[in-house]
file my_file02.csv (CSV, N, CA and C atoms)
chain,number,residue,atom,x,y,z
D,1,MET,N,-36.5,-12.5,-117.6
D,1,MET,CA,-37.4,-13.5,-118.0
D,1,MET,C,-36.6,-14.4,-119.0
D,2,SER,N,-36.7,-15.7,-118.8
D,2,SER,CA,-36.0,-16.7,-119.7
D,2,SER,C,-36.6,-16.6,-121.1
D,3,ASP,N,-35.8,-17.0,-122.1
D,3,ASP,CA,-36.3,-17.1,-123.5
D,3,ASP,C,-37.5,-18.0,-123.7
D,4,VAL,N,-37.4,-19.1,-123.0
D,4,VAL,CA,-38.5,-20.1,-123.2
D,4,VAL,C,-39.8,-19.5,-122.6
D,5,ILE,N,-39.8,-18.8,-121.5
D,5,ILE,CA,-41.0,-18.3,-120.9
D,5,ILE,C,-41.5,-17.2,-121.8
D,6,GLY,N,-40.7,-16.4,-122.4
D,6,GLY,CA,-41.2,-15.4,-123.4
D,6,GLY,C,-41.9,-16.0,-124.5
D,7,LYS,N,-41.3,-17.1,-125.1
D,7,LYS,CA,-41.9,-17.8,-126.2
D,7,LYS,C,-43.2,-18.4,-125.8
D,8,TYR,N,-43.2,-19.1,-124.7
D,8,TYR,CA,-44.3,-19.8,-124.1
D,8,TYR,C,-45.5,-18.9,-123.9
D,9,ILE,N,-45.3,-17.7,-123.3
D,9,ILE,CA,-46.4,-16.8,-123.1
D,9,ILE,C,-46.9,-16.2,-124.4
D,10,LYS,N,-45.9,-15.8,-125.3
D,10,LYS,CA,-46.3,-15.3,-126.6
D,10,LYS,C,-47.2,-16.3,-127.3
D,11,ALA,N,-46.8,-17.6,-127.2
D,11,ALA,CA,-47.6,-18.7,-127.9
D,11,ALA,C,-49.0,-18.7,-127.3
D,12,TYR,N,-49.2,-18.6,-126.0
D,12,TYR,CA,-50.5,-18.6,-125.4
D,12,TYR,C,-51.3,-17.3,-125.9
D,13,GLU,N,-50.6,-16.2,-125.9
D,13,GLU,CA,-51.3,-15.0,-126.3
D,13,GLU,C,-51.8,-15.0,-127.8
D,14,ASN,N,-51.1,-15.8,-128.6
D,14,ASN,CA,-51.5,-15.9,-130.0
D,14,ASN,C,-52.0,-17.3,-130.4
D,15,ILE,N,-52.6,-18.0,-129.5
D,15,ILE,CA,-53.0,-19.4,-129.7
D,15,ILE,C,-54.1,-19.6,-130.7
D,16,ASN,N,-53.9,-20.5,-131.5
D,16,ASN,CA,-54.9,-21.1,-132.4
D,16,ASN,C,-54.5,-22.4,-132.9
D,17,ILE,N,-55.3,-23.1,-133.6
D,17,ILE,CA,-55.0,-24.5,-133.9
D,17,ILE,C,-53.7,-24.6,-134.8
D,18,SER,N,-53.5,-23.6,-135.7
D,18,SER,CA,-52.3,-23.6,-136.6
D,18,SER,C,-51.0,-23.2,-135.9
D,19,SER,N,-51.1,-22.5,-134.7
D,19,SER,CA,-49.9,-22.1,-134.0
D,19,SER,C,-49.6,-22.9,-132.8
D,20,LEU,N,-50.4,-24.0,-132.6
D,20,LEU,CA,-50.2,-24.9,-131.4
D,20,LEU,C,-48.7,-25.4,-131.3
D,21,ASN,N,-48.1,-25.7,-132.4
D,21,ASN,CA,-46.7,-26.2,-132.4
D,21,ASN,C,-45.7,-25.2,-131.7
D,22,LYS,N,-46.0,-23.9,-131.8
D,22,LYS,CA,-45.1,-23.0,-131.1
D,22,LYS,C,-45.2,-23.2,-129.6
D,23,LEU,N,-46.4,-23.4,-129.1
D,23,LEU,CA,-46.5,-23.7,-127.7
D,23,LEU,C,-45.8,-25.0,-127.3
D,24,LEU,N,-46.1,-26.0,-128.1
D,24,LEU,CA,-45.5,-27.4,-127.8
D,24,LEU,C,-44.0,-27.4,-127.9
D,25,SER,N,-43.4,-26.5,-128.7
D,25,SER,CA,-41.9,-26.5,-128.8
D,25,SER,C,-41.3,-26.0,-127.5
D,26,CYS,N,-42.1,-25.4,-126.6
D,26,CYS,CA,-41.5,-24.9,-125.3
D,26,CYS,C,-41.6,-25.8,-124.2
D,27,ILE,N,-42.3,-27.0,-124.4
D,27,ILE,CA,-42.5,-27.9,-123.2
D,27,ILE,C,-41.7,-29.2,-123.3
D,28,ASP,N,-41.5,-29.7,-122.1
D,28,ASP,CA,-40.7,-31.0,-122.0
D,28,ASP,C,-41.6,-32.2,-122.3
D,29,GLU,N,-41.0,-33.3,-122.7
D,29,GLU,CA,-41.8,-34.5,-123.0
D,29,GLU,C,-42.6,-35.0,-121.8
D,30,ASN,N,-42.1,-34.8,-120.6
D,30,ASN,CA,-42.8,-35.2,-119.4
D,30,ASN,C,-43.6,-34.1,-118.7
D,31,PHE,N,-44.0,-33.1,-119.5
D,31,PHE,CA,-44.7,-31.9,-119.0
D,31,PHE,C,-45.9,-32.3,-118.2
D,32,LEU,N,-46.2,-31.5,-117.1
D,32,LEU,CA,-47.4,-31.7,-116.3
D,32,LEU,C,-48.2,-30.5,-116.3
D,33,PHE,N,-49.5,-30.6,-116.7
D,33,PHE,CA,-50.4,-29.5,-116.7
D,33,PHE,C,-51.6,-29.8,-115.8
D,34,LEU,N,-51.9,-28.9,-114.9
D,34,LEU,CA,-53.0,-29.0,-113.9
D,34,LEU,C,-53.9,-27.7,-114.0
D,35,ASP,N,-55.2,-27.9,-114.0
D,35,ASP,CA,-56.1,-26.8,-113.8
D,35,ASP,C,-57.3,-27.4,-113.1
D,36,PRO,N,-58.4,-26.6,-112.8
D,36,PRO,CA,-59.5,-27.2,-112.0
D,36,PRO,C,-60.2,-28.4,-112.6
D,37,PHE,N,-60.0,-28.7,-113.9
D,37,PHE,CA,-60.6,-29.8,-114.6
D,37,PHE,C,-59.7,-30.8,-115.2
D,38,ASN,N,-58.4,-30.6,-115.2
D,38,ASN,CA,-57.5,-31.5,-115.9
D,38,ASN,C,-56.2,-31.8,-115.1
D,39,LYS,N,-55.8,-33.0,-115.2
D,39,LYS,CA,-54.4,-33.3,-114.8
D,39,LYS,C,-53.8,-34.1,-116.0
D,40,ILE,N,-52.9,-33.4,-116.7
D,40,ILE,CA,-52.4,-34.0,-117.9
D,40,ILE,C,-50.9,-34.2,-117.8
D,41,LYS,N,-50.4,-35.4,-118.0
D,41,LYS,CA,-49.0,-35.7,-117.9
D,41,LYS,C,-48.5,-36.2,-119.2
D,42,GLY,N,-47.6,-35.4,-119.8
D,42,GLY,CA,-47.0,-35.8,-121.1
D,42,GLY,C,-47.3,-34.8,-122.2
D,43,LYS,N,-46.4,-34.5,-123.0
D,43,LYS,CA,-46.5,-33.6,-124.1
D,43,LYS,C,-47.6,-34.0,-125.1
D,44,ASN,N,-47.7,-35.3,-125.5
D,44,ASN,CA,-48.7,-35.7,-126.4
D,44,ASN,C,-50.1,-35.6,-125.9
D,45,LYS,N,-50.3,-35.9,-124.6
D,45,LYS,CA,-51.6,-35.8,-124.0
D,45,LYS,C,-52.1,-34.4,-123.9
D,46,PHE,N,-51.1,-33.5,-123.6
D,46,PHE,CA,-51.4,-32.1,-123.5
D,46,PHE,C,-51.8,-31.6,-124.9
D,47,GLU,N,-51.1,-32.0,-125.9
D,47,GLU,CA,-51.4,-31.6,-127.3
D,47,GLU,C,-52.9,-32.0,-127.6
D,48,ASN,N,-53.2,-33.2,-127.3
D,48,ASN,CA,-54.6,-33.7,-127.5
D,48,ASN,C,-55.6,-32.9,-126.8
D,49,MET,N,-55.4,-32.6,-125.5
D,49,MET,CA,-56.3,-31.8,-124.7
D,49,MET,C,-56.5,-30.4,-125.3
D,50,PHE,N,-55.3,-29.8,-125.7
D,50,PHE,CA,-55.4,-28.5,-126.2
D,50,PHE,C,-56.1,-28.4,-127.6
D,51,GLN,N,-55.9,-29.4,-128.4
D,51,GLN,CA,-56.6,-29.4,-129.7
D,51,GLN,C,-58.1,-29.5,-129.5
D,52,LYS,N,-58.5,-30.3,-128.6
D,52,LYS,CA,-60.0,-30.4,-128.2
D,52,LYS,C,-60.5,-29.0,-127.7
D,53,PHE,N,-59.7,-28.4,-126.8
D,53,PHE,CA,-60.0,-27.1,-126.3
D,53,PHE,C,-60.2,-26.1,-127.4
D,54,LEU,N,-59.3,-26.1,-128.3
D,54,LEU,CA,-59.3,-25.1,-129.4
D,54,LEU,C,-60.4,-25.4,-130.4
D,55,GLN,N,-60.9,-26.6,-130.5
D,55,GLN,CA,-62.0,-26.9,-131.4
D,55,GLN,C,-63.3,-26.5,-130.7
D,56,GLU,N,-63.4,-26.6,-129.4
D,56,GLU,CA,-64.6,-26.2,-128.6
D,56,GLU,C,-64.8,-24.8,-128.3
D,57,ILE,N,-63.7,-24.1,-128.0
D,57,ILE,CA,-63.7,-22.7,-127.6
D,57,ILE,C,-63.4,-21.8,-128.9
D,58,LYS,N,-64.3,-21.0,-129.2
D,58,LYS,CA,-64.1,-20.1,-130.4
D,58,LYS,C,-63.4,-18.8,-129.9
D,59,ASP,N,-62.6,-18.2,-130.8
D,59,ASP,CA,-61.9,-16.9,-130.5
D,59,ASP,C,-61.2,-16.9,-129.1
D,60,PRO,N,-60.4,-17.9,-128.8
D,60,PRO,CA,-59.7,-17.9,-127.5
D,60,PRO,C,-58.7,-16.8,-127.5
D,61,GLU,N,-58.6,-16.1,-126.3
D,61,GLU,CA,-57.6,-15.0,-126.2
D,61,GLU,C,-57.1,-15.0,-124.7
D,62,PHE,N,-55.8,-15.2,-124.6
D,62,PHE,CA,-55.2,-15.0,-123.3
D,62,PHE,C,-54.5,-13.7,-123.3
D,63,LYS,N,-54.7,-12.9,-122.3
D,63,LYS,CA,-54.0,-11.6,-122.2
D,63,LYS,C,-53.2,-11.6,-120.9
D,64,THR,N,-51.9,-11.4,-121.0
D,64,THR,CA,-51.0,-11.4,-119.8
D,64,THR,C,-51.1,-10.1,-119.1
D,65,LEU,N,-51.4,-10.2,-117.8
D,65,LEU,CA,-51.6,-9.0,-117.0
D,65,LEU,C,-50.4,-8.6,-116.2
D,66,ASN,N,-49.6,-9.7,-115.8
D,66,ASN,CA,-48.5,-9.5,-114.9
D,66,ASN,C,-47.6,-10.8,-114.9
D,67,ILE,N,-46.3,-10.6,-114.8
D,67,ILE,CA,-45.4,-11.8,-114.7
D,67,ILE,C,-44.4,-11.4,-113.6
D,68,THR,N,-44.2,-12.4,-112.7
D,68,THR,CA,-43.1,-12.3,-111.7
D,68,THR,C,-42.5,-13.7,-111.6
D,69,ASN,N,-41.3,-13.7,-111.1
D,69,ASN,CA,-40.6,-15.0,-111.0
D,69,ASN,C,-39.7,-15.0,-109.7
D,70,ASP,N,-39.4,-16.3,-109.4
D,70,ASP,CA,-38.4,-16.6,-108.3
D,70,ASP,C,-37.6,-17.7,-108.9
D,71,LYS,N,-36.4,-17.4,-109.4
D,71,LYS,CA,-35.5,-18.3,-110.0
D,71,LYS,C,-36.2,-19.0,-111.3
D,72,SER,N,-36.5,-20.2,-111.2
D,72,SER,CA,-37.1,-20.9,-112.4
D,72,SER,C,-38.6,-21.1,-112.3
D,73,THR,N,-39.2,-20.5,-111.3
D,73,THR,CA,-40.7,-20.5,-111.2
D,73,THR,C,-41.3,-19.2,-111.5
D,74,TYR,N,-42.2,-19.2,-112.5
D,74,TYR,CA,-42.8,-18.0,-113.0
D,74,TYR,C,-44.3,-18.0,-112.6
D,75,PHE,N,-44.8,-16.8,-112.2
D,75,PHE,CA,-46.2,-16.6,-111.8
D,75,PHE,C,-46.8,-15.6,-112.8
D,76,VAL,N,-47.8,-16.0,-113.5
D,76,VAL,CA,-48.4,-15.2,-114.6
D,76,VAL,C,-49.8,-15.0,-114.3
D,77,LYS,N,-50.2,-13.7,-114.1
D,77,LYS,CA,-51.6,-13.4,-114.0
D,77,LYS,C,-52.1,-13.1,-115.4
D,78,TRP,N,-53.3,-13.6,-115.7
D,78,TRP,CA,-53.9,-13.5,-117.0
D,78,TRP,C,-55.4,-13.3,-117.0
D,79,ASN,N,-55.9,-12.9,-118.2
D,79,ASN,CA,-57.3,-12.8,-118.4
D,79,ASN,C,-57.6,-13.7,-119.7
D,80,PHE,N,-58.6,-14.5,-119.6
D,80,PHE,CA,-59.0,-15.4,-120.7
D,80,PHE,C,-60.4,-15.0,-121.2
D,81,THR,N,-60.5,-14.9,-122.5
D,81,THR,CA,-61.9,-14.7,-123.1
D,81,THR,C,-62.0,-15.7,-124.2
D,82,GLY,N,-63.2,-16.1,-124.5
D,82,GLY,CA,-63.5,-17.0,-125.5
D,82,GLY,C,-65.1,-17.1,-125.7
D,83,ILE,N,-65.5,-17.9,-126.6
D,83,ILE,CA,-66.9,-18.1,-126.9
D,83,ILE,C,-67.2,-19.6,-126.8
D,84,TYR,N,-68.1,-20.0,-125.9
D,84,TYR,CA,-68.7,-21.3,-125.9
D,84,TYR,C,-70.1,-21.1,-125.6
D,85,LYS,N,-70.9,-21.2,-126.6
D,85,LYS,CA,-72.3,-20.8,-126.6
D,85,LYS,C,-72.5,-19.3,-126.5
D,86,LYS,N,-71.8,-18.7,-125.6
D,86,LYS,CA,-71.8,-17.2,-125.4
D,86,LYS,C,-70.4,-16.8,-125.0
D,87,ARG,N,-70.1,-15.5,-125.2
D,87,ARG,CA,-68.8,-15.0,-124.8
D,87,ARG,C,-68.7,-15.0,-123.3
D,88,PHE,N,-67.5,-15.4,-122.8
D,88,PHE,CA,-67.1,-15.4,-121.4
D,88,PHE,C,-65.7,-14.9,-121.2
D,89,SER,N,-65.4,-14.5,-120.0
D,89,SER,CA,-64.1,-13.9,-119.6
D,89,SER,C,-63.9,-14.2,-118.2
D,90,PHE,N,-62.6,-14.5,-117.8
D,90,PHE,CA,-62.3,-14.6,-116.4
D,90,PHE,C,-60.8,-14.4,-116.2
D,91,ASP,N,-60.4,-14.1,-115.0
D,91,ASP,CA,-59.0,-14.0,-114.7
D,91,ASP,C,-58.5,-15.2,-114.0
D,92,GLY,N,-57.2,-15.5,-114.1
D,92,GLY,CA,-56.5,-16.6,-113.4
D,92,GLY,C,-55.1,-16.3,-113.2
D,93,MET,N,-54.4,-17.3,-112.6
D,93,MET,CA,-53.0,-17.2,-112.3
D,93,MET,C,-52.4,-18.6,-112.7
D,94,SER,N,-51.2,-18.5,-113.3
D,94,SER,CA,-50.5,-19.7,-113.6
D,94,SER,C,-49.1,-19.8,-112.9
D,95,GLU,N,-48.8,-20.9,-112.4
D,95,GLU,CA,-47.4,-21.2,-111.9
D,95,GLU,C,-46.7,-22.1,-112.9
D,96,ILE,N,-45.6,-21.6,-113.4
D,96,ILE,CA,-44.9,-22.2,-114.5
D,96,ILE,C,-43.5,-22.5,-114.1
D,97,ILE,N,-43.1,-23.7,-114.2
D,97,ILE,CA,-41.7,-24.1,-113.8
D,97,ILE,C,-40.9,-24.5,-115.0
D,98,VAL,N,-39.7,-23.9,-115.1
D,98,VAL,CA,-38.8,-24.2,-116.2
D,98,VAL,C,-37.5,-24.9,-115.7
D,99,LYS,N,-37.1,-25.9,-116.5
D,99,LYS,CA,-35.9,-26.7,-116.2
D,99,LYS,C,-35.3,-27.0,-117.6
D,100,ASN,N,-34.0,-26.8,-117.7
D,100,ASN,CA,-33.2,-27.1,-118.9
D,100,ASN,C,-33.8,-26.4,-120.1
D,101,ASN,N,-34.3,-25.1,-119.9
D,101,ASN,CA,-34.8,-24.3,-120.9
D,101,ASN,C,-36.1,-24.8,-121.6
D,102,LEU,N,-36.9,-25.6,-120.8
D,102,LEU,CA,-38.2,-26.1,-121.2
D,102,LEU,C,-39.2,-26.0,-120.1
D,103,VAL,N,-40.4,-25.8,-120.4
D,103,VAL,CA,-41.4,-25.8,-119.3
D,103,VAL,C,-41.7,-27.2,-118.9
D,104,ILE,N,-41.6,-27.5,-117.6
D,104,ILE,CA,-41.9,-28.8,-117.1
D,104,ILE,C,-43.2,-29.0,-116.4
D,105,ARG,N,-43.7,-27.8,-115.9
D,105,ARG,CA,-44.9,-27.8,-115.1
D,105,ARG,C,-45.7,-26.5,-115.3
D,106,HIS,N,-47.0,-26.6,-115.5
D,106,HIS,CA,-47.9,-25.5,-115.6
D,106,HIS,C,-49.1,-25.8,-114.8
D,107,ILE,N,-49.3,-25.0,-113.8
D,107,ILE,CA,-50.5,-25.2,-112.9
D,107,ILE,C,-51.4,-23.9,-113.0
D,108,ASP,N,-52.6,-24.0,-113.4
D,108,ASP,CA,-53.5,-22.9,-113.5
D,108,ASP,C,-54.4,-22.9,-112.3
D,109,TYR,N,-54.6,-21.7,-111.8
D,109,TYR,CA,-55.5,-21.4,-110.6
D,109,TYR,C,-56.5,-20.4,-111.1
D,110,TRP,N,-57.8,-20.8,-111.1
D,110,TRP,CA,-58.9,-19.9,-111.4
D,110,TRP,C,-60.2,-20.5,-110.7
D,111,ASP,N,-61.1,-19.6,-110.5
D,111,ASP,CA,-62.3,-20.0,-109.8
D,111,ASP,C,-63.3,-20.7,-110.7
D,112,SER,N,-63.4,-22.0,-110.6
D,112,SER,CA,-64.3,-22.8,-111.5
D,112,SER,C,-65.7,-22.6,-111.1
D,113,GLY,N,-66.0,-22.4,-109.8
D,113,GLY,CA,-67.4,-22.2,-109.3
D,113,GLY,C,-68.0,-20.9,-110.0
D,114,ARG,N,-67.3,-19.8,-109.8
D,114,ARG,CA,-67.8,-18.5,-110.3
D,114,ARG,C,-67.7,-18.5,-111.9
D,115,ASN,N,-66.7,-19.1,-112.5
D,115,ASN,CA,-66.5,-19.0,-113.9
D,115,ASN,C,-67.0,-20.1,-114.8
D,116,PHE,N,-67.4,-21.2,-114.2
D,116,PHE,CA,-67.9,-22.3,-114.9
D,116,PHE,C,-69.3,-22.8,-114.4
D,117,TYR,N,-69.3,-23.2,-113.2
D,117,TYR,CA,-70.5,-23.8,-112.6
D,117,TYR,C,-71.7,-22.8,-112.5
D,118,CYS,N,-71.4,-21.5,-112.4
D,118,CYS,CA,-72.4,-20.5,-112.3
D,118,CYS,C,-73.1,-20.3,-113.6
D,119,ASN,N,-72.6,-20.9,-114.7
D,119,ASN,CA,-73.3,-20.8,-116.0
D,119,ASN,C,-74.1,-22.1,-116.3
D,120,ILE,N,-74.2,-23.0,-115.4
D,120,ILE,CA,-75.0,-24.2,-115.6
D,120,ILE,C,-76.3,-23.9,-114.9
D,121,PRO,N,-77.5,-23.9,-115.6
D,121,PRO,CA,-78.7,-23.4,-115.0
D,121,PRO,C,-79.1,-24.0,-113.7
D,122,LEU,N,-79.0,-25.3,-113.5
D,122,LEU,CA,-79.3,-26.0,-112.2
D,122,LEU,C,-78.4,-25.5,-111.1
D,123,LEU,N,-77.1,-25.4,-111.4
D,123,LEU,CA,-76.2,-25.0,-110.3
D,123,LEU,C,-76.0,-23.5,-110.1
D,124,LYS,N,-76.5,-22.8,-111.1
D,124,LYS,CA,-76.3,-21.3,-111.1
D,124,LYS,C,-76.9,-20.7,-109.8
D,125,TYR,N,-78.1,-21.1,-109.5
D,125,TYR,CA,-78.7,-20.6,-108.3
D,125,TYR,C,-77.9,-20.8,-107.0
D,126,ILE,N,-77.4,-22.0,-106.9
D,126,ILE,CA,-76.7,-22.4,-105.7
D,126,ILE,C,-75.4,-21.6,-105.6
D,127,PHE,N,-74.6,-21.5,-106.7
D,127,PHE,CA,-73.4,-20.8,-106.7
D,127,PHE,C,-73.5,-19.3,-106.5
D,128,LYS,N,-74.6,-18.8,-107.0
D,128,LYS,CA,-74.8,-17.3,-106.8
D,128,LYS,C,-75.1,-17.0,-105.4
D,129,LYS,N,-75.8,-17.9,-104.7
D,129,LYS,CA,-76.0,-17.8,-103.2
D,129,LYS,C,-74.7,-17.9,-102.4
D,130,ILE,N,-73.9,-18.8,-102.8
D,130,ILE,CA,-72.6,-19.0,-102.2
D,130,ILE,C,-71.7,-17.7,-102.3
D,131,HIS,N,-71.7,-17.2,-103.5
D,131,HIS,CA,-70.8,-16.1,-103.9
D,131,HIS,C,-71.3,-14.7,-103.5
D,132,LYS,N,-72.4,-14.6,-102.8
D,132,LYS,CA,-73.0,-13.3,-102.4
D,132,LYS,C,-72.1,-12.8,-101.3

call {"tool": "encode", "arguments": {"input": "my_file02.csv", "output": "structure tokens"}}
result
Amino acid sequence: MSDVIGKYIKAYENINISSLNKLLSCIDENFLFLDPFNKIKGKNKFENMFQKFLQEIKDPEFKTLNITNDKSTYFVKWNFTGIYKKRFSFDGMSEIIVKNNLVIRHIDYWDSGRNFYCNIPLLKYIFKKIHK
């Protein structure tokens, strides 16, 4: 595992508003972040998005379950827990690409239907029927 991936993952596992700079020190200025709700291009925009995330989600915790790689591409299976109105938890997978010892791309894959939309009262019924 590369040094930057080790630091990057450790920064996620210990994330809070005061340690955000440790995470940011691992990423390239033209960093690309994608997840089911965001497409963020650039280190500054990612910082703004993550600050908002950390203000809204209380007690965020990423737990790394498995890491594998193929050259400069890393696949990280994780579990995330946090509090937004009530405690929640879900698993996901990240594809992280490193170039010149910096993270240039981070794509998160997780089930937004089961882990987000199922918690919205109006949509909850529909998604529970779909996921049966």

call {"tool": "select_by_dssp", "arguments": {"input": "my_file02.csv", "residues": "stretch 14-68 of chain D", "states": "strand (DSSP E)", "output": "VMD selection string"}}
result
chain D and resid 27 to 34 39 to 41 58 to 68

call {"tool": "atom_distance", "arguments": {"input": "my_file02.csv", "atom1": "atom N of D:Asn38", "atom2": "atom CA of D:Asn100"}}
result
25.7 Å

call {"tool": "atom_distance", "arguments": {"input": "my_file02.csv", "atom1": "atom C of D:Phe88", "atom2": "atom N of D:Asn66"}}
result
17.8 Å

call {"tool": "select_by_dssp", "arguments": {"input": "my_file02.csv", "residues": "stretch 3-77 of chain D", "states": "alpha helix (DSSP H)", "output": "VMD selection string"}}
result
chain D and resid 3 to 13 20 to 24 43 to 56

call {"tool": "atom_distance", "arguments": {"input": "my_file02.csv", "atom1": "atom N of D:Ile104", "atom2": "atom C of D:Ile83"}}
result
28.3 Å

call {"tool": "residues_near_point", "arguments": {"input": "my_file02.csv", "point": "(-38.2, -25.4, -118.0)", "cutoff": "8 Å", "atoms": "only N, CA and C atoms", "output": "list in words"}}
result
Val4, Ile5, Cys26, Ile27, Asp28, Ser72, Ile96, Ile97, Val98, Lys99, Asn100, Asn101, Leu102, Val103, Ile104 and Arg105 of chain D

call {"tool": "closest_residue", "arguments": {"input": "my_file02.csv", "among": "D:Phe80, D:Asp3, D:Tyr109, D:Lys43", "to": "D:Phe62", "atoms": "all atoms listed in the file"}}
result
D:Phe80

call {"tool": "closest_residue", "arguments": {"input": "my_file02.csv", "among": "D:Leu20, D:Ile9, D:Gly82, D:Met49", "to": "D:Phe33", "atoms": "only C-alpha atoms"}}
result
D:Met49

call {"tool": "closest_residue", "arguments": {"input": "my_file02.csv", "among": "D:Thr64, D:Gln51, D:Asn16, D:Asn44", "to": "D:Asn79", "atoms": "only C-alpha atoms"}}
result
D:Thr64

call {"tool": "closest_residue", "arguments": {"input": "my_file02.csv", "among": "D:Leu34, D:Phe46, D:Pro60, D:Phe90", "to": "D:Glu13", "atoms": "only N, CA and C atoms"}}
result
D:Pro60

call {"tool": "closest_residue", "arguments": {"input": "my_file02.csv", "among": "D:Glu29, D:Pro36, D:Phe75, D:Thr81", "to": "D:Ile57", "atoms": "all atoms listed in the file"}}
result
D:Thr81

call {"tool": "closest_residue", "arguments": {"input": "my_file02.csv", "among": "D:Trp110, D:Asp91, D:Phe50, D:Leu24", "to": "D:Lys63", "atoms": "only C-alpha atoms"}}
result
D:Asp91
